[in-house]
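Below: data-v5.cif (mmCIF, C-alpha atoms)
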data_entry
#
loop_
_atom_site.group_PDB
_atom_site.id
_atom_site.type_symbol
_atom_site.label_atom_id
_atom_site.label_comp_id
_atom_site.auth_asym_id
_atom_site.auth_seq_id
_atom_site.Cartn_x
_atom_site.Cartn_y
_atom_site.Cartn_z
ATOM 1 C CA MET V 1 73.305 75.323 108.452
ATOM 2 C CA ASN V 2 71.152 72.606 109.968
ATOM 3 C CA THR V 3 71.854 70.339 112.895
ATOM 4 C CA LYS V 4 73.181 67.550 110.737
ATOM 5 C CA LYS V 5 75.736 69.881 109.173
ATOM 6 C CA VAL V 6 76.813 71.175 112.579
ATOM 7 C CA ALA V 7 77.313 67.630 113.804
ATOM 8 C CA GLN V 8 79.230 66.643 110.685
ATOM 9 C CA ILE V 9 81.497 69.691 110.935
ATOM 10 C CA GLY V 10 82.089 68.930 114.602
ATOM 11 C CA MET V 11 83.072 65.352 113.880
ATOM 12 C CA LEU V 12 85.268 66.228 110.950
ATOM 13 C CA SER V 13 86.909 69.040 112.931
ATOM 14 C CA SER V 14 87.813 66.728 115.776
ATOM 15 C CA ALA V 15 89.224 64.170 113.327
ATOM 16 C CA ALA V 16 91.266 66.900 111.625
ATOM 17 C CA LEU V 17 92.456 68.235 114.962
ATOM 18 C CA ILE V 18 93.623 64.827 116.129
ATOM 19 C CA LEU V 19 95.499 64.193 112.886
ATOM 20 C CA HIS V 20 96.990 67.679 113.153
ATOM 21 C CA LEU V 21 98.262 66.940 116.664
ATOM 22 C CA VAL V 22 99.490 63.413 115.950
ATOM 23 C CA GLU V 23 101.402 64.820 113.021
ATOM 24 C CA THR V 24 103.350 67.231 115.190
ATOM 25 C CA TRP V 25 104.706 64.259 117.144
ATOM 26 C CA LEU V 26 106.090 62.591 114.038
ATOM 27 C CA PRO V 27 109.611 63.689 113.258
ATOM 28 C CA VAL V 28 110.150 63.894 109.510
ATOM 29 C CA PRO V 29 113.759 63.514 108.402
ATOM 30 C CA ALA V 30 114.089 66.375 105.934
ATOM 31 C CA PRO V 31 116.751 68.966 105.164
ATOM 32 C CA VAL V 32 114.214 71.763 105.542
ATOM 33 C CA PRO V 33 112.690 72.605 108.922
ATOM 34 C CA GLY V 34 108.936 72.426 109.324
ATOM 35 C CA ILE V 35 108.180 69.689 106.814
ATOM 36 C CA LYS V 36 105.194 67.525 107.631
ATOM 37 C CA LEU V 37 102.962 65.023 105.949
ATOM 38 C CA GLY V 38 99.780 67.083 105.873
ATOM 39 C CA LEU V 39 97.543 64.347 107.248
ATOM 40 C CA ALA V 40 95.018 66.879 108.488
ATOM 41 C CA ASN V 41 94.606 67.935 104.902
ATOM 42 C CA CYS V 42 92.860 64.597 104.241
ATOM 43 C CA VAL V 43 89.936 65.778 106.299
ATOM 44 C CA SER V 44 89.811 69.156 104.545
ATOM 45 C CA LEU V 45 89.784 67.407 101.203
ATOM 46 C CA VAL V 46 87.037 64.972 102.236
ATOM 47 C CA THR V 47 84.974 67.887 103.534
ATOM 48 C CA LEU V 48 85.540 69.772 100.308
ATOM 49 C CA ALA V 49 84.343 66.784 98.312
ATOM 50 C CA VAL V 50 81.336 66.040 100.511
ATOM 51 C CA LEU V 51 80.089 69.312 101.968
ATOM 52 C CA GLY V 52 81.575 71.973 99.697
ATOM 53 C CA ILE V 53 83.955 74.870 100.027
ATOM 54 C CA ARG V 54 82.083 76.787 102.724
ATOM 55 C CA TYR V 55 82.261 73.962 105.228
ATOM 56 C CA ALA V 56 85.761 72.973 104.163
ATOM 57 C CA PHE V 57 86.888 76.524 104.871
ATOM 58 C CA TYR V 58 85.152 76.560 108.288
ATOM 59 C CA LEU V 59 86.810 73.264 109.100
ATOM 60 C CA THR V 60 90.256 74.505 108.125
ATOM 61 C CA VAL V 61 89.847 77.668 110.198
ATOM 62 C CA ILE V 62 88.625 75.662 113.220
ATOM 63 C CA ARG V 63 91.479 73.184 112.890
ATOM 64 C CA ILE V 64 94.160 75.843 112.596
ATOM 65 C CA LEU V 65 92.832 77.931 115.485
ATOM 66 C CA LEU V 66 92.344 74.999 117.855
ATOM 67 C CA GLY V 67 95.514 73.252 116.702
ATOM 68 C CA ALA V 68 97.519 76.403 117.406
ATOM 69 C CA LEU V 69 95.787 76.859 120.741
ATOM 70 C CA ILE V 70 96.621 73.311 121.835
ATOM 71 C CA GLY V 71 100.107 73.456 120.357
ATOM 72 C CA GLY V 72 100.795 76.704 122.180
ATOM 73 C CA ILE V 73 101.647 78.725 119.087
ATOM 74 C CA LEU V 74 98.494 80.845 118.832
ATOM 75 C CA PHE V 75 99.223 84.184 117.095
ATOM 76 C CA GLY V 76 102.940 83.352 116.938
ATOM 77 C CA PRO V 77 104.858 83.260 113.670
ATOM 78 C CA ALA V 78 104.223 79.553 113.151
ATOM 79 C CA PHE V 79 100.520 80.305 113.458
ATOM 80 C CA VAL V 80 100.712 82.965 110.736
ATOM 81 C CA MET V 81 102.443 80.456 108.459
ATOM 82 C CA SER V 82 99.961 77.736 109.273
ATOM 83 C CA ALA V 83 96.937 79.990 108.763
ATOM 84 C CA ALA V 84 98.209 81.406 105.483
ATOM 85 C CA GLY V 85 99.172 77.972 104.181
ATOM 86 C CA GLY V 86 95.964 76.280 105.307
ATOM 87 C CA SER V 87 93.559 78.831 103.873
ATOM 88 C CA GLY V 88 95.566 79.226 100.668
ATOM 89 C CA SER V 89 95.671 75.479 100.210
ATOM 90 C CA ILE V 90 91.941 74.964 100.702
ATOM 91 C CA LEU V 91 91.154 77.768 98.236
ATOM 92 C CA ALA V 92 93.563 76.281 95.680
ATOM 93 C CA MET V 93 92.008 72.830 96.086
ATOM 94 C CA TRP V 94 88.529 74.313 95.765
ATOM 95 C CA TYR V 95 89.431 76.087 92.539
ATOM 96 C CA ALA V 96 91.133 72.981 91.190
ATOM 97 C CA SER V 97 88.260 70.678 92.027
ATOM 98 C CA GLN V 98 85.733 73.081 90.501
ATOM 99 C CA HIS V 99 87.526 73.808 87.260
ATOM 100 C CA TRP V 100 90.184 71.189 86.669
ATOM 101 C CA LYS V 101 88.560 67.941 87.768
ATOM 102 C CA PRO V 102 88.618 66.180 85.345
ATOM 103 C CA PRO V 103 91.399 66.226 83.951
ATOM 104 C CA PHE V 104 92.835 65.978 87.473
ATOM 105 C CA SER V 105 91.781 63.245 89.865
ATOM 106 C CA VAL V 106 91.556 63.762 93.607
ATOM 107 C CA ILE V 107 95.279 62.934 93.771
ATOM 108 C CA GLY V 108 96.137 65.849 91.497
ATOM 109 C CA VAL V 109 93.914 68.178 93.486
ATOM 110 C CA SER V 110 95.599 67.030 96.668
ATOM 111 C CA ILE V 111 99.065 67.614 95.208
ATOM 112 C CA ILE V 112 97.970 71.113 94.151
ATOM 113 C CA GLY V 113 96.822 71.753 97.716
ATOM 114 C CA ALA V 114 100.023 70.402 99.254
ATOM 115 C CA VAL V 115 102.226 72.460 96.946
ATOM 116 C CA ALA V 116 100.149 75.603 97.533
ATOM 117 C CA HIS V 117 100.348 75.015 101.283
ATOM 118 C CA SER V 118 104.122 74.669 101.362
ATOM 119 C CA VAL V 119 104.887 77.482 98.939
ATOM 120 C CA ILE V 120 102.593 79.884 100.801
ATOM 121 C CA GLN V 121 104.181 78.862 104.107
ATOM 122 C CA VAL V 122 107.665 79.546 102.833
ATOM 123 C CA ALA V 123 106.506 82.867 101.377
ATOM 124 C CA ALA V 124 104.908 83.768 104.729
ATOM 125 C CA ALA V 125 108.125 82.852 106.544
ATOM 126 C CA ALA V 126 110.167 84.944 104.100
ATOM 127 C CA TRP V 127 107.818 87.843 104.726
ATOM 128 C CA LEU V 128 107.979 87.385 108.508
ATOM 129 C CA VAL V 129 111.753 87.531 108.660
ATOM 130 C CA SER V 130 111.924 90.036 105.741
ATOM 131 C CA SER V 131 114.491 87.892 104.001
ATOM 132 C CA GLU V 132 113.751 86.735 100.495
ATOM 133 C CA SER V 133 116.633 84.265 100.688
ATOM 134 C CA LEU V 134 114.183 81.867 102.351
ATOM 135 C CA LEU V 135 112.595 81.448 98.942
ATOM 136 C CA TRP V 136 115.524 79.142 98.168
ATOM 137 C CA TYR V 137 113.628 76.551 100.176
ATOM 138 C CA VAL V 138 110.797 76.556 97.612
ATOM 139 C CA PRO V 139 112.195 73.834 95.291
ATOM 140 C CA TYR V 140 112.853 71.573 98.272
ATOM 141 C CA VAL V 141 109.419 71.996 99.790
ATOM 142 C CA VAL V 142 107.774 71.501 96.385
ATOM 143 C CA LEU V 143 109.703 68.272 95.913
ATOM 144 C CA LEU V 144 108.601 67.004 99.326
ATOM 145 C CA ALA V 145 105.023 68.217 98.865
ATOM 146 C CA ILE V 146 104.517 65.942 95.845
ATOM 147 C CA PRO V 147 104.673 62.601 97.714
ATOM 148 C CA ALA V 148 102.899 64.101 100.735
ATOM 149 C CA GLY V 149 100.076 65.365 98.527
ATOM 150 C CA ALA V 150 99.862 62.072 96.654
ATOM 151 C CA VAL V 151 99.567 60.063 99.882
ATOM 152 C CA THR V 152 96.859 62.388 101.151
ATOM 153 C CA GLY V 153 95.019 62.225 97.823
ATOM 154 C CA LEU V 154 95.124 58.421 97.729
ATOM 155 C CA THR V 155 93.784 58.241 101.263
ATOM 156 C CA VAL V 156 90.919 60.567 100.396
ATOM 157 C CA GLY V 157 90.196 58.622 97.201
ATOM 158 C CA TYR V 158 89.870 55.309 99.029
ATOM 159 C CA PHE V 159 87.925 56.938 101.825
ATOM 160 C CA THR V 160 85.258 58.593 99.666
ATOM 161 C CA ASP V 161 84.939 55.407 97.580
ATOM 162 C CA ARG V 162 83.973 53.393 100.612
ATOM 163 C CA LEU V 163 82.136 55.734 102.884
ATOM 164 C CA SER V 164 78.388 55.769 102.373
ATOM 165 C CA ILE V 165 77.724 59.170 103.979
ATOM 166 C CA CYS V 166 79.687 60.692 101.161
ATOM 167 C CA ARG V 167 77.108 59.700 98.597
ATOM 168 C CA MET F 168 92.408 54.946 92.351
ATOM 169 C CA LYS F 169 93.945 55.859 89.094
ATOM 170 C CA LEU F 170 96.265 58.660 88.173
ATOM 171 C CA THR F 171 94.984 60.642 85.217
ATOM 172 C CA TRP F 172 97.265 62.090 82.551
ATOM 173 C CA ALA F 173 96.899 65.520 84.159
ATOM 174 C CA ASP F 174 98.063 64.171 87.527
ATOM 175 C CA LYS F 175 101.125 62.665 85.908
ATOM 176 C CA LEU F 176 101.843 65.839 83.952
ATOM 177 C CA LEU F 177 101.514 67.951 87.097
ATOM 178 C CA THR F 178 103.787 65.647 89.083
ATOM 179 C CA ALA F 179 106.382 65.552 86.316
ATOM 180 C CA GLY F 180 106.246 69.330 85.936
ATOM 181 C CA LEU F 181 106.682 69.908 89.655
ATOM 182 C CA VAL F 182 109.552 67.421 89.905
ATOM 183 C CA VAL F 183 111.302 69.132 86.983
ATOM 184 C CA PHE F 184 110.673 72.546 88.566
ATOM 185 C CA SER F 185 112.112 71.541 91.921
ATOM 186 C CA PHE F 186 115.175 69.860 90.435
ATOM 187 C CA LEU F 187 115.798 72.922 88.256
ATOM 188 C CA GLY F 188 115.453 75.100 91.337
ATOM 189 C CA ILE F 189 117.816 72.958 93.391
ATOM 190 C CA GLY F 190 120.220 72.809 90.447
ATOM 191 C CA ALA F 191 120.081 76.579 90.079
ATOM 192 C CA SER F 192 120.803 77.113 93.759
ATOM 193 C CA VAL F 193 123.796 74.773 93.592
ATOM 194 C CA TYR F 194 125.011 76.427 90.407
ATOM 195 C CA LEU F 195 124.552 79.980 91.675
ATOM 196 C CA PHE F 196 126.170 79.270 95.012
ATOM 197 C CA PRO F 197 129.243 77.171 94.392
ATOM 198 C CA GLY F 198 130.468 75.579 97.581
ATOM 199 C CA SER F 199 134.000 76.674 96.814
ATOM 200 C CA GLY F 200 135.478 80.077 97.535
ATOM 201 C CA GLN F 201 135.522 81.952 100.789
ATOM 202 C CA GLN F 202 132.330 81.423 102.754
ATOM 203 C CA GLN F 203 130.826 84.247 104.720
ATOM 204 C CA ALA F 204 127.947 84.328 107.137
ATOM 205 C CA GLN F 205 125.529 87.217 107.066
ATOM 206 C CA ILE F 206 123.494 87.648 110.191
ATOM 207 C CA SER F 207 120.367 89.717 109.925
ATOM 208 C CA VAL F 208 117.558 90.541 112.293
ATOM 209 C CA ASP F 209 114.226 91.800 110.965
ATOM 210 C CA GLY F 210 115.735 91.971 107.493
ATOM 211 C CA LYS F 211 118.535 94.324 108.603
ATOM 212 C CA LEU F 212 122.075 93.043 108.226
ATOM 213 C CA ILE F 213 123.750 93.329 111.613
ATOM 214 C CA LYS F 214 126.978 91.416 111.111
ATOM 215 C CA THR F 215 129.041 89.677 108.473
ATOM 216 C CA VAL F 216 131.603 87.088 109.503
ATOM 217 C CA THR F 217 134.131 85.353 107.303
ATOM 218 C CA LEU F 218 134.165 81.632 108.021
ATOM 219 C CA ARG F 219 137.831 80.676 108.088
ATOM 220 C CA ALA F 220 139.850 77.947 109.755
ATOM 221 C CA GLY F 221 141.059 78.649 113.260
ATOM 222 C CA TYR F 222 138.615 81.454 113.904
ATOM 223 C CA ARG F 223 136.326 81.313 116.901
ATOM 224 C CA GLU F 224 133.679 83.681 118.027
ATOM 225 C CA GLU F 225 130.573 83.599 120.072
ATOM 226 C CA PHE F 226 128.087 86.383 120.521
ATOM 227 C CA ARG F 227 124.605 87.070 121.657
ATOM 228 C CA ILE F 228 121.919 88.699 119.573
ATOM 229 C CA GLY F 229 118.519 89.848 120.678
ATOM 230 C CA GLY F 230 117.140 92.292 123.165
ATOM 231 C CA PRO F 231 116.514 92.198 126.875
ATOM 232 C CA ASP F 232 113.590 89.782 126.524
ATOM 233 C CA HIS F 233 114.955 87.215 124.088
ATOM 234 C CA TYR F 234 118.229 85.964 122.694
ATOM 235 C CA ASN F 235 120.101 83.726 120.280
ATOM 236 C CA ILE F 236 123.688 82.762 120.990
ATOM 237 C CA VAL F 237 125.607 82.359 117.760
ATOM 238 C CA GLU F 238 128.778 80.292 117.741
ATOM 239 C CA ILE F 239 131.376 80.344 114.995
ATOM 240 C CA ASP F 240 133.965 77.599 115.029
ATOM 241 C CA GLY F 241 136.367 77.753 112.126
ATOM 242 C CA GLU F 242 134.494 77.247 108.895
ATOM 243 C CA LYS F 243 131.115 76.567 110.443
ATOM 244 C CA ILE F 244 128.446 78.524 112.244
ATOM 245 C CA ARG F 245 125.446 77.598 114.360
ATOM 246 C CA VAL F 246 122.984 78.940 116.864
ATOM 247 C CA ARG F 247 124.138 77.284 120.052
ATOM 248 C CA GLU F 248 121.344 78.396 122.251
ATOM 249 C CA ALA F 249 118.163 80.408 121.989
ATOM 250 C CA ASP F 250 115.068 80.952 124.017
ATOM 251 C CA CYS F 251 112.674 80.756 121.095
ATOM 252 C CA PRO F 252 109.774 78.356 121.580
ATOM 253 C CA ASP F 253 110.334 76.115 118.549
ATOM 254 C CA GLN F 254 114.158 75.748 118.724
ATOM 255 C CA VAL F 255 114.305 75.275 114.940
ATOM 256 C CA CYS F 256 117.406 77.468 114.751
ATOM 257 C CA VAL F 257 119.246 75.383 117.348
ATOM 258 C CA LYS F 258 118.190 72.084 115.784
ATOM 259 C CA THR F 259 119.428 73.213 112.370
ATOM 260 C CA GLY F 260 122.925 72.715 113.758
ATOM 261 C CA TRP F 261 126.136 73.675 112.024
ATOM 262 C CA VAL F 262 126.034 75.174 108.531
ATOM 263 C CA ARG F 263 129.085 75.865 106.413
ATOM 264 C CA VAL F 264 128.322 76.096 102.688
ATOM 265 C CA ALA F 265 126.242 78.577 100.676
ATOM 266 C CA PRO F 266 123.227 78.669 100.282
ATOM 267 C CA GLN F 267 122.655 77.048 103.669
ATOM 268 C CA GLN F 268 120.908 79.175 106.230
ATOM 269 C CA ILE F 269 119.665 79.164 109.763
ATOM 270 C CA VAL F 270 116.333 80.767 110.456
ATOM 271 C CA CYS F 271 114.816 81.704 113.781
ATOM 272 C CA LEU F 272 111.305 82.667 112.867
ATOM 273 C CA PRO F 273 110.097 83.819 116.293
ATOM 274 C CA TRP F 274 112.965 86.276 116.737
ATOM 275 C CA ARG F 275 113.203 87.123 113.005
ATOM 276 C CA VAL F 276 116.846 86.084 112.781
ATOM 277 C CA VAL F 277 118.339 84.827 109.523
ATOM 278 C CA ILE F 278 121.925 83.627 109.264
ATOM 279 C CA LYS F 279 122.825 82.897 105.704
ATOM 280 C CA VAL F 280 126.046 81.604 104.274
ATOM 281 C CA THR F 281 127.222 83.285 101.105
ATOM 282 C CA SER F 282 130.156 82.509 98.902
ATOM 283 C CA SER F 283 132.492 85.248 97.784
ATOM 284 C CA ARG F 284 132.859 83.601 94.401
ATOM 285 C CA SER F 285 129.179 83.292 93.620
ATOM 286 C CA ALA F 286 126.972 85.528 91.594
ATOM 287 C CA ASP F 287 124.869 87.588 93.958
ATOM 288 C CA ILE F 288 121.263 86.576 93.552
ATOM 289 C CA ASP F 289 120.077 90.144 94.068
ATOM 290 C CA ASP F 290 122.056 91.246 91.047
ATOM 291 C CA ILE F 291 120.262 88.671 88.954
ATOM 292 C CA ALA F 292 116.862 89.544 90.349
ATOM 293 C CA ARG F 293 117.360 93.169 89.383
#
Using structure tokens, write down the structure that the file contains.
Amino acid sequence: MNTKKVAQIGMLSSAALILHLVETWLPVPAPVPGIKLGLANCVSLVTLAVLGIRYAFYLTVIRILLGALIGGILFGPAFVMSAAGGSGSILAMWYASQHWKPPFSVIGVSIIGAVAHSVIQVAAAAWLVSSESLLWYVPYVVLLAIPAGAVTGLTVGYFTDRLSICR
Amino acid sequence: MKLTWADKLLTAGLVVFSFLGIGASVYLFPGSGQQQAQISVDGKLIKTVTLRAGYREEFRIGGPDHYNIVEIDGEKIRVREADCPDQVCVKTGWVRVAPQQIVCLPWRVVIKVTSSRSADIDDIAR
């Protein structure tokens, strides 16, 4: 890890952290609690595309830890959900971008990540309260993850097309 | 940016999956019939209440260090007050029809509405 990488990770982490925080201020009208857009995932996906899985994973861990610290939920149940969802999602997107791209574009990879994130979060919540009836939320969160993932994927697509450091 | 065929297939598949899931939950839990609320903490059922017109009850669950106050008013139930940090359970508001539920993640409380006429999902899962 050279100095340039450290600086890039630092910059990307702060961007991800800011998006993560801004997102918690946005109320999303949804029948299921805890739905959000996943804006911070944009940064993870850009990092995955530009710097590779190792740095994308570091970035996700940094974002979740610092985001939870600032949000005041560190080591609480919401943190467990966020950590499980975030790491599961980045691993799913890594696998998808390694093996299934093409046929998938960055939008498909992003949707895979969003769906993995929400399903893992619901599963973590079901495990936390030891009630499998929470799994009834899965179809709803999958339905909402599709547009959220598509928006994130589009953003990343436009971003990497235009940004020269990504080449 | 262009969607590839795989993106479209994935999206279509997921949309179909979620609508089937939502359809299944509506089908398995008909909104008719007598509605009951099952209140569990840490996965253990602590109380079952029948939601019927004219019935009122209010009780506190939790230990010495934290609480949720559950209010039942006729055919609906809610968490009126809780000292959990996220307040998701309170913001959920009133629920009245299966399979609606109220979840308080920090205190591990799940209140789920079940219908006496529905097939029990656990029976199917077994």
(message) Using only C-alpha atoms, can you tell me which of V:Val80, V:Ala92, V:Ile9, V:Leu163 comes closest to chain F?
(response)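 When distances to chain F are compared using only C-alpha atoms, the smallest one comes from V:Val80.
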(request) Grab the atom CA of Val22 of chain V to atom CA of Lys36 of chain V distance for me, in Å with one decimal place. (result)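 Here the two named atoms are 10.9 Å from each other.
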(request) Please determine the contact residues of chain F with respect to chain V at a cut-off of 10 Å, counting only C-alpha atoms, and supply them as a ChimeraX atom specification. (result) /F:168-179,181-192,207-211,252-253,255-256,258-259,266-277,279,288-289
I'd like the contact shell of Arg227 of chain F - 8 Å cut-off, all atoms listed in the file, skipping same-chain residues fewer than 4 positions apart - returned as a PDB file with C-alpha atoms, keeping the file's coordinate frame.
ATOM      1  CA  TYR F 234     118.229  85.964 122.694  1.00  0.00           C
ATOM      2  CA  ASN F 235     120.101  83.726 120.280  1.00  0.00           C
ATOM      3  CA  ILE F 236     123.688  82.762 120.990  1.00  0.00           C
ATOM      4  CA  VAL F 237     125.607  82.359 117.760  1.00  0.00           C
TER       5      VAL F 237
END
(request) Find the distance between atom CA of Ser283 of chain F and atom CA of Gln254 of chain F and write it in Å to one decimal. (result)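 Atom-to-atom, atom CA of Ser283 of chain F to atom CA of Gln254 of chain F, that is 29.4 Å.
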(request) Just give me the gap between atom CA of Tyr95 of chain V and atom CA of Gly180 of chain F in Å, one decimal is fine. (result)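 These atoms are spaced 19.3 Å apart.
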(request) Run through the PyMOL selection byres ((chain V and resi 50) around 12) on the given coordinates and return the selected residues as a ChimeraX atom specification. (result) /V:5,8-9,12,43-49,51-56,94,97,156,159-161,163-167
(message) Need the shell around Ser282 of chain F: protein/DNA/RNA residues with any atom at most 7 Å away, counting only C-alpha atoms. Skip same-chain ones fewer than 5 positions apart. Format as a PyMOL selection string?
(response) chain F and resi 196+200-203+265
(request) Return the single residue from F:Leu195, F:Lys214, F:Gly221, F:Arg245 that is closest to Arg263 of chain F, with distances computed using all atoms listed in the file. (result)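 Looking at the shortest contact to Arg263 of chain F, the residue is F:Arg245.
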(request) Could you list the residues chosen by the PyMOL selection byres ((chain F and resi 240) around 8) in this structure as a PyMOL selection string? (result) chain F and resi 220-224+238-239+241-244
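Residues matching the PyMOL selection byres ((chain V and resi 87-89) around 9) in this structure come to Asn41, Phe57, Thr60, Val61, Ser82, Ala83, Ala84, Gly85, Gly86, Ile90, Leu91, Ala92, Met93, Trp94, Ile112, Gly113, Ala114, Val115, Ala116, His117, Ser118 and Ile120 of chain V.
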